[in-house]
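Worksheet: one structure, shown below.
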Amino acid sequence: MLLAIDTSAGTSVAIVDAQGVVRAEHNSLDTRKHAEVIGDFIRGCLTDAECAVTDLTGVVAGMGPGPFTGLRVGIVAARAFAFGAGLPLLPVVTHDALALGETEPIVVATDARRKELYWSTYEGSDAAGLPVRVAGPALAPAAELAASVPSFEHFQLRDSQPVHASNLARLAFLLREHHRPFAGEEALYLRSPDVTLSAGPKRVTA
Amino acid sequence: MSNPAPNPASAVASSALSGQLPANTTNPLVLGIETSCDETGIGIVRGNQLLANVISSSMDEHARYGGVVPEVAARAHLEAMQPALEQALAEAGVELSELDAIAVTSGPGLAGALMVGVAAAKALSVATGKPLYAVNHLVGHVGADVLRDDGTEIELPTIALLVSGGHTSLLLVRDLVSDVELLGETIDDAAGEAFDKVARLLGLPYPGGPQIDRVAIGGNPKAIRFPRGLTHTKDVDRHRYDFSFSGLKTSVARWVEREQDAGTDFSIADVAASFREAVVDVLLTKAVAACVDREVPRLLLGGGVVANYRVRELAAARCAEAGIELRIPPLSLCTDNGAMIAALGAQLIMAGKEPSTLGFSADSTLPVTQIQA
């Protein structure tokens, strides 16, 4: 069984068994309460799934893309849980989980706030059932999505879908089964910290 | 998907059950997590004994911006968390499974930074089944004093002066786990922030405290009489124990600009020494007044600004003069660290306090009266 955690939008935590059956899932769409609910969601999933920590075989972390304050809450929780339970950490790209099971060419777009979107394009799925990402994840102004995504007309738009951690777990099972690489260890913020170097102290006298 | 109601009959999960005290309440082994500002601190204590104090600081990353950038700090916490946990356990020579409890700073501090520690602590608690204590960062600074290895014990009540880049607070601590009163705090900049800002206008790098200390050597602290914020009779009624450093910073800037405009070859050492004297004078005047008013002849210092030489020197002189016992924890326990959080967690356990429930939030303005969240 895998525990999966994603806070790239709201908070989603799930436990999925090796047959792909969702044993438990807790979701919140609130984008401001990640750190508050994360502990109860993890424990709630273990309780609902009647699953002991020792029944788990890995911890899946949704690496984003996602707005930074929330995104890293799920990542650090997944890392800490994996560390505490002595389990492997399985990082996945959250957009890949949103594209799981799609057979048509699609563009996945999720809210990046500040009138921007995170997007990735997929050419359906391969023989293993894994989404084939062709571009992204990347960041674009919401009003200029069509102009920012290469061959935008080729893809059907999939936006505003809630993230389900259970789909991250299913994706991770497939990656593991087919010996495909997991995502990198870096959080996919896709934005630099909001800070500019100042030119020096401002005068206080005229 | 709906959230199925928890089924109490199926408590197969070996996870922590809130409300349950750790097995060992006399000398508990506690791991503390601190991420309220730019230091990822992981400490391990056994009761009042310090076993490990690992600090991973992102200070260098902030230097070019002249101050702590919250997003830069939070990103650094995410990357430093697991290596710091591993290092602390190795230094203490203990396994995760041996811990009696985990403690974490839930506030006050930078919201995005706090969230990293809070989320890590919750996940670690559920994964290991260890009870979790969410504790107050400022009270943690006072709690650091129980870890001194010189055999002297903290005597209560005590006045505590906590001075850092983010806080300037004067507390009356009657009991570490149940009775802390906020006497006053800064109404604008923290003292450490004032050091950073004045260092910048003098063309000195960040962090400002050590730089001001360095250039103040040989300077005359009485060369320029900079204002002492909130010490006038008209302010003392409402702000007897409050601090204000924003006006002081502006006053230094005005003075420097006037001299520069006039082309005067002024002494940076005098400016630095006089500015520092103004900060330190206010800090100690108010702290000593609190000791005298409240008839508490004990003063404890905490926070990163305690590293400033003149703070410790003037504290020693003023306390000796007024017959006040001065306590300063070792500097590695004065700056932000996880050991003080672990120590406060251990105090709570030894006092029989139950663990926090898992739903607590990262509270950037957690009041000092709330010792445990």
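How things are named: the first chain in the structure tokens is A, the next is B, and so on; residues count from 1 in each chain; ligands count from 1 in the order shown.
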message: Select, as a PyMOL selection string, those residues of chain A with any atom no more than 7 Å from chain B (distances computed using only C-alpha atoms).
response: chain A and resi 25-26+35-40+43-44+46-48+50-53+69+72-73+76-77+80-81+84-85+193+197+201+204-205
- request: Please identify all polymer residues within 8 Å of stretch 171-177 of chain A, counting only C-alpha atoms, omitting same-chain residues fewer than 5 positions from it, and present them as JSON, numbers by chain.
  value: {"A": [18, 60, 90, 92, 96, 97, 100, 128, 129, 130, 182]}
query: Could you pull out all residues of stretch 277-312 of chain B with a DSSP call of strand (DSSP E) and give them as a PyMOL selection string?
result: chain B and resi 298-302
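You can rank B:Ile187, B:Val173, B:Val280, B:Leu182 by their closest distance to B:Pro227 using only C-alpha atoms, and at the top of that list sits B:Val280.
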- prompt: Interatomic distance between atom CA of B:Pro330 and atom CA of B:Leu50?
  reply: 11.9 Å
field: Option closest in space to A:Ala24, from A:Ser166, A:Thr57, A:Ser125, A:Ser120 [counting only C-alpha atoms]
entry: A:Ser166
query: What's the 9 Å shell around A:Pro65, counting only C-alpha atoms, without same-chain residues fewer than 5 positions away, as a list in words?
result: Ser8, Leu71, Val93, Thr94, His95, Thr110, Ala112, Tyr118, Trp119, Pro137, Ala138, Leu139, Ala187, Leu188, Tyr189 and Leu190 of chain A
Output file for the residues above (all heavy atoms, as a CSV table (one decimal), in the first residue's frame):
chain,number,residue,atom,x,y,z
A,8,SER,N,-0.5,20.7,-3.7
A,8,SER,CA,-0.2,21.7,-4.8
A,8,SER,C,-1.4,22.6,-5.0
A,8,SER,O,-1.2,23.7,-5.6
A,8,SER,CB,0.1,21.0,-6.1
A,8,SER,OG,-1.0,20.2,-6.5
A,71,LEU,N,2.5,24.2,-1.4
A,71,LEU,CA,3.2,23.1,-2.0
A,71,LEU,C,4.2,22.4,-1.1
A,71,LEU,O,4.2,21.2,-1.0
A,71,LEU,CB,3.9,23.5,-3.3
A,71,LEU,CG,4.7,22.5,-4.1
A,71,LEU,CD1,3.8,21.4,-4.6
A,71,LEU,CD2,5.5,23.1,-5.2
A,93,VAL,N,5.3,14.2,-10.5
A,93,VAL,CA,4.8,15.5,-10.9
A,93,VAL,C,3.3,15.4,-10.8
A,93,VAL,O,2.6,14.5,-11.4
A,93,VAL,CB,5.2,15.7,-12.4
A,93,VAL,CG1,4.6,17.0,-12.9
A,93,VAL,CG2,6.7,15.7,-12.5
A,94,THR,N,2.7,16.4,-10.1
A,94,THR,CA,1.3,16.4,-9.9
A,94,THR,C,0.5,16.4,-11.2
A,94,THR,O,-0.6,15.7,-11.3
A,94,THR,CB,0.9,17.6,-9.0
A,94,THR,OG1,1.6,17.5,-7.8
A,94,THR,CG2,-0.6,17.6,-8.6
A,95,HIS,N,0.9,17.2,-12.1
A,95,HIS,CA,0.2,17.2,-13.4
A,95,HIS,C,0.1,15.9,-14.1
A,95,HIS,O,-0.9,15.5,-14.7
A,95,HIS,CB,0.9,18.2,-14.4
A,95,HIS,CG,0.5,19.6,-14.2
A,95,HIS,ND1,0.9,20.7,-15.0
A,95,HIS,CD2,-0.2,20.2,-13.2
A,95,HIS,CE1,0.4,21.8,-14.5
A,95,HIS,NE2,-0.2,21.6,-13.4
A,110,THR,N,-3.4,24.3,-14.2
A,110,THR,CA,-3.9,24.5,-12.8
A,110,THR,C,-3.5,25.9,-12.3
A,110,THR,O,-2.6,26.6,-12.9
A,110,THR,CB,-3.2,23.5,-11.9
A,110,THR,OG1,-1.7,23.6,-12.1
A,110,THR,CG2,-3.6,22.1,-12.2
A,112,ALA,N,-2.1,29.0,-10.7
A,112,ALA,CA,-0.9,29.4,-10.1
A,112,ALA,C,-1.0,30.7,-9.4
A,112,ALA,O,0.0,31.3,-8.9
A,112,ALA,CB,0.2,29.6,-11.2
A,118,TYR,N,-0.2,27.1,-14.2
A,118,TYR,CA,0.8,26.1,-14.5
A,118,TYR,C,0.2,25.2,-15.6
A,118,TYR,O,-1.0,24.8,-15.5
A,118,TYR,CB,1.1,25.3,-13.3
A,118,TYR,CG,1.6,26.0,-12.1
A,118,TYR,CD1,0.9,26.1,-10.9
A,118,TYR,CD2,2.9,26.5,-12.1
A,118,TYR,CE1,1.4,26.8,-9.8
A,118,TYR,CE2,3.5,27.2,-11.0
A,118,TYR,CZ,2.7,27.3,-9.9
A,118,TYR,OH,3.3,28.0,-8.8
A,119,TRP,N,1.0,24.8,-16.6
A,119,TRP,CA,0.4,24.0,-17.6
A,119,TRP,C,1.5,22.9,-18.0
A,119,TRP,O,2.7,23.1,-17.9
A,119,TRP,CB,0.0,24.8,-18.9
A,119,TRP,CG,1.2,25.5,-19.6
A,119,TRP,CD1,1.6,26.7,-19.3
A,119,TRP,CD2,2.1,24.9,-20.5
A,119,TRP,NE1,2.7,27.0,-20.1
A,119,TRP,CE2,3.0,25.9,-20.9
A,119,TRP,CE3,2.2,23.7,-21.2
A,119,TRP,CZ2,4.0,25.7,-21.8
A,119,TRP,CZ3,3.2,23.5,-22.1
A,119,TRP,CH2,4.1,24.5,-22.4
A,137,PRO,N,6.1,20.8,-17.0
A,137,PRO,CA,5.3,21.9,-16.5
A,137,PRO,C,6.0,23.2,-16.6
A,137,PRO,O,7.2,23.3,-16.5
A,137,PRO,CB,5.1,21.5,-15.0
A,137,PRO,CG,6.2,20.6,-14.6
A,137,PRO,CD,6.6,19.9,-15.9
A,138,ALA,N,5.1,24.2,-16.9
A,138,ALA,CA,5.6,25.6,-17.1
A,138,ALA,C,4.6,26.5,-16.6
A,138,ALA,O,3.4,26.1,-16.3
A,138,ALA,CB,5.9,25.8,-18.6
A,139,LEU,N,4.9,27.8,-16.6
A,139,LEU,CA,4.1,28.9,-16.1
A,139,LEU,C,3.7,29.8,-17.2
A,139,LEU,O,4.6,30.2,-18.0
A,139,LEU,CB,4.9,29.6,-15.0
A,139,LEU,CG,4.2,30.6,-14.1
A,139,LEU,CD1,3.1,29.9,-13.2
A,139,LEU,CD2,5.2,31.3,-13.2
A,187,ALA,N,11.2,20.7,-5.4
A,187,ALA,CA,9.8,21.2,-5.4
A,187,ALA,C,9.6,22.0,-6.7
A,187,ALA,O,10.5,22.8,-7.1
A,187,ALA,CB,9.5,22.1,-4.2
A,188,LEU,N,8.5,21.8,-7.5
A,188,LEU,CA,8.3,22.5,-8.7
A,188,LEU,C,7.6,23.8,-8.5
A,188,LEU,O,6.4,23.9,-8.8
A,188,LEU,CB,7.5,21.6,-9.7
A,188,LEU,CG,8.3,20.3,-10.1
A,188,LEU,CD1,7.4,19.3,-10.8
A,188,LEU,CD2,9.5,20.6,-10.9
A,189,TYR,N,8.3,24.8,-7.9
A,189,TYR,CA,7.7,26.1,-7.7
A,189,TYR,C,7.5,26.8,-9.0
A,189,TYR,O,6.6,27.6,-9.2
A,189,TYR,CB,8.6,26.9,-6.8
A,189,TYR,CG,8.9,26.4,-5.4
A,189,TYR,CD1,10.3,26.1,-5.1
A,189,TYR,CD2,7.9,26.2,-4.5
A,189,TYR,CE1,10.6,25.7,-3.8
A,189,TYR,CE2,8.2,25.8,-3.2
A,189,TYR,CZ,9.6,25.5,-2.9
A,189,TYR,OH,9.9,25.1,-1.6
A,190,LEU,N,8.5,26.7,-9.9
A,190,LEU,CA,8.5,27.4,-11.2
A,190,LEU,C,8.5,28.9,-11.1
A,190,LEU,O,8.2,29.6,-12.0
A,190,LEU,CB,7.4,26.9,-12.1
A,190,LEU,CG,7.2,25.4,-12.3
A,190,LEU,CD1,6.2,25.2,-13.4
A,190,LEU,CD2,8.5,24.7,-12.7
- prompt: atom CA of B:Asn53 to atom CA of B:Ala339: how many Å, to one decimal?
  reply: 5.5 Å
